[in-house]
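Engineer: Just dropping this structure here.
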Amino acid sequence: MRTYLVVIDESPESQIALRFAARRAVKTGGSVEILALIEPQEFVQWGGVMATMEQETHQRARGLVAAAAGTLIEESGLKPALTVREGDGPAVVREMIAGNPDIAALVLGAAASGAPGPLVSHFAGTDAGTLPVPVMIVPGSLDREAIDRLS
């Protein structure tokens, strides 16, 4: 089954990428995998403080993924696979793609203005052309109607 891997965060462009991926999955009989990345925490001298910070970060990421999944189910009827992983973003994305041969594309959202974001910069810049799947970069300036028309 064709799976669209979408990396989400709290940005509006990731929601646009998720909508685009969901629409493509519905039209192609595929599925969506939602990935939330957690940046590794810097070492904090007091272990209890660090553990609390890590727990809060993981809870926020799980909440973000759950909310995205709810939106996806409500709008498209698709039940996505949900993943929360800690580590370097590009490395985690590569591992996800290598570990799941059903992933047919990486779908990322670019900011409507300003810098496009670290994953877009990485996979469209220094690492362009090295993934075994296409990278779909959805412009953050698209509205719902444009996304629906283009997907």
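By convention in this document, the chains of the structure tokens carry letters A, B, ... by their order, each chain's residues are numbered from 1, and ligands are numbered from 1 in the order they are shown.
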Residues near Ala67 (chain A), anyone? I mean within 12 Å using only C-alpha atoms, not counting same-chain ones fewer than 4 positions away, as a ChimeraX atom specification.
Structural biologist: /A:8-10,15,18,34,36,60-63,71-74,80,82
Engineer: Can you tell me, as a PyMOL selection string, what residues are no more than 12 Å from region 107-121 of chain A when counting only C-alpha atoms, ignoring any on the same chain fewer than 3 positions away?
Structural biologist: chain A and resi 3-25+32-35+37+88-94+97+103-104+124-128+133-143+147+151
Engineer: Identify all residues of chain A in strand (DSSP E) (DSSP on the backbone) and supply them as a ChimeraX atom specification.
Structural biologist: /A:3-8,31-38,81-86,103-110,135-139
Engineer: Write to file, as a short mmCIF file (atom, residue, chain, number, x, y, z; two decimals), in the first residue's frame, the residues of the selection just made, with N, CA and C atoms.
Structural biologist:
```cif
data_model
loop_
_atom_site.label_atom_id
_atom_site.label_comp_id
_atom_site.auth_asym_id
_atom_site.auth_seq_id
_atom_site.Cartn_x
_atom_site.Cartn_y
_atom_site.Cartn_z
N THR A 3 2.13 4.61 1.09
CA THR A 3 2.04 5.39 2.32
C THR A 3 2.75 6.71 2.14
N TYR A 4 2.09 7.78 2.58
CA TYR A 4 2.67 9.11 2.56
C TYR A 4 3.15 9.44 3.97
N LEU A 5 4.44 9.69 4.11
CA LEU A 5 5.03 10.04 5.39
C LEU A 5 4.99 11.55 5.55
N VAL A 6 4.32 12.02 6.61
CA VAL A 6 4.18 13.45 6.87
C VAL A 6 4.82 13.75 8.22
N VAL A 7 5.74 14.70 8.22
CA VAL A 7 6.36 15.14 9.46
C VAL A 7 5.59 16.36 9.95
N ILE A 8 5.08 16.28 11.16
CA ILE A 8 4.28 17.39 11.68
C ILE A 8 4.95 18.02 12.88
N SER A 31 -2.29 5.28 2.32
CA SER A 31 -2.42 5.60 3.73
C SER A 31 -1.44 6.71 4.09
N VAL A 32 -1.54 7.16 5.33
CA VAL A 32 -0.70 8.25 5.82
C VAL A 32 -0.02 7.78 7.11
N GLU A 33 1.25 8.11 7.23
CA GLU A 33 1.96 7.92 8.48
C GLU A 33 2.38 9.29 8.97
N ILE A 34 2.00 9.61 10.20
CA ILE A 34 2.31 10.90 10.80
C ILE A 34 3.50 10.71 11.74
N LEU A 35 4.52 11.52 11.53
CA LEU A 35 5.72 11.47 12.35
C LEU A 35 5.91 12.80 13.07
N ALA A 36 6.04 12.74 14.39
CA ALA A 36 6.41 13.92 15.18
C ALA A 36 7.82 13.69 15.68
N LEU A 37 8.68 14.65 15.44
CA LEU A 37 10.08 14.55 15.85
C LEU A 37 10.31 15.29 17.15
N ILE A 38 11.11 14.70 17.98
CA ILE A 38 11.52 15.34 19.23
C ILE A 38 13.03 15.52 19.15
N ALA A 81 -1.07 5.84 10.63
CA ALA A 81 -0.10 5.28 11.56
C ALA A 81 0.55 6.46 12.27
N LEU A 82 0.81 6.34 13.55
CA LEU A 82 1.34 7.44 14.35
C LEU A 82 2.70 7.06 14.92
N THR A 83 3.66 7.96 14.78
CA THR A 83 5.00 7.71 15.29
C THR A 83 5.54 8.96 15.95
N VAL A 84 6.11 8.80 17.13
CA VAL A 84 6.83 9.87 17.81
C VAL A 84 8.24 9.35 18.02
N ARG A 85 9.21 10.07 17.48
CA ARG A 85 10.61 9.62 17.59
C ARG A 85 11.49 10.77 18.02
N GLU A 86 12.49 10.44 18.82
CA GLU A 86 13.48 11.41 19.26
C GLU A 86 14.75 11.22 18.45
N ILE A 103 6.40 3.21 2.24
CA ILE A 103 6.45 4.67 2.15
C ILE A 103 6.80 5.05 0.71
N ALA A 104 5.87 5.77 0.08
CA ALA A 104 6.00 6.14 -1.33
C ALA A 104 6.46 7.57 -1.52
N ALA A 105 6.31 8.41 -0.48
CA ALA A 105 6.72 9.81 -0.60
C ALA A 105 6.84 10.43 0.79
N LEU A 106 7.72 11.39 0.88
CA LEU A 106 7.87 12.22 2.07
C LEU A 106 7.17 13.53 1.76
N VAL A 107 6.21 13.92 2.59
CA VAL A 107 5.44 15.14 2.37
C VAL A 107 5.79 16.14 3.46
N LEU A 108 6.31 17.29 3.04
CA LEU A 108 6.71 18.34 3.96
C LEU A 108 6.02 19.64 3.58
N GLY A 109 5.78 20.49 4.55
CA GLY A 109 5.22 21.80 4.29
C GLY A 109 6.28 22.86 4.41
N ALA A 110 6.28 23.80 3.47
CA ALA A 110 7.21 24.93 3.51
C ALA A 110 6.48 26.15 4.05
N VAL A 135 10.21 13.61 -2.67
CA VAL A 135 9.91 14.56 -1.61
C VAL A 135 8.90 15.55 -2.17
N MET A 136 7.74 15.62 -1.54
CA MET A 136 6.71 16.57 -1.95
C MET A 136 6.73 17.73 -0.97
N ILE A 137 6.99 18.92 -1.49
CA ILE A 137 7.02 20.11 -0.64
C ILE A 137 5.79 20.94 -0.96
N VAL A 138 4.92 21.07 0.02
CA VAL A 138 3.65 21.76 -0.16
C VAL A 138 3.83 23.20 0.33
N PRO A 139 3.57 24.18 -0.54
CA PRO A 139 3.72 25.58 -0.12
C PRO A 139 2.75 25.94 1.00
#
```
Engineer: Mind giving me the straight-line distance from CA of Glu95 (chain A) to CA of Leu131 (chain A) in Å, one decimal?
Structural biologist: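 Between these atoms lies a distance of 10.8 Å.
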Engineer: According to DSSP computed on the backbone, where in region 11-144 of chain A is there helix (DSSP H, G or I)? Give the residues as a ChimeraX atom specification.
Structural biologist: /A:12-28,47-76,89-99,118-126,144
Engineer: Work out how far apart CA of Asp102 (chain A) and CA of Thr130 (chain A) are and give it in Å to one decimal.
Structural biologist: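 Straight-line distance from CA of Asp102 (chain A) to CA of Thr130 (chain A) works out to 17.6 Å.
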Engineer: Looking at only C-alpha atoms, which of A:Pro132, A:Asp148, A:Pro40, A:His122 is the one that sits closest to Gly99 (chain A)?
Structural biologist: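 Distance minimum relative to Gly99 (chain A) lands on A:Pro132.
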Engineer: To one decimal place, how far is CA of Glu39 (chain A) from CA of Ala69 (chain A) in Å?
Structural biologist: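 Going from CA of Glu39 (chain A) over to CA of Ala69 (chain A) covers 21.1 Å.
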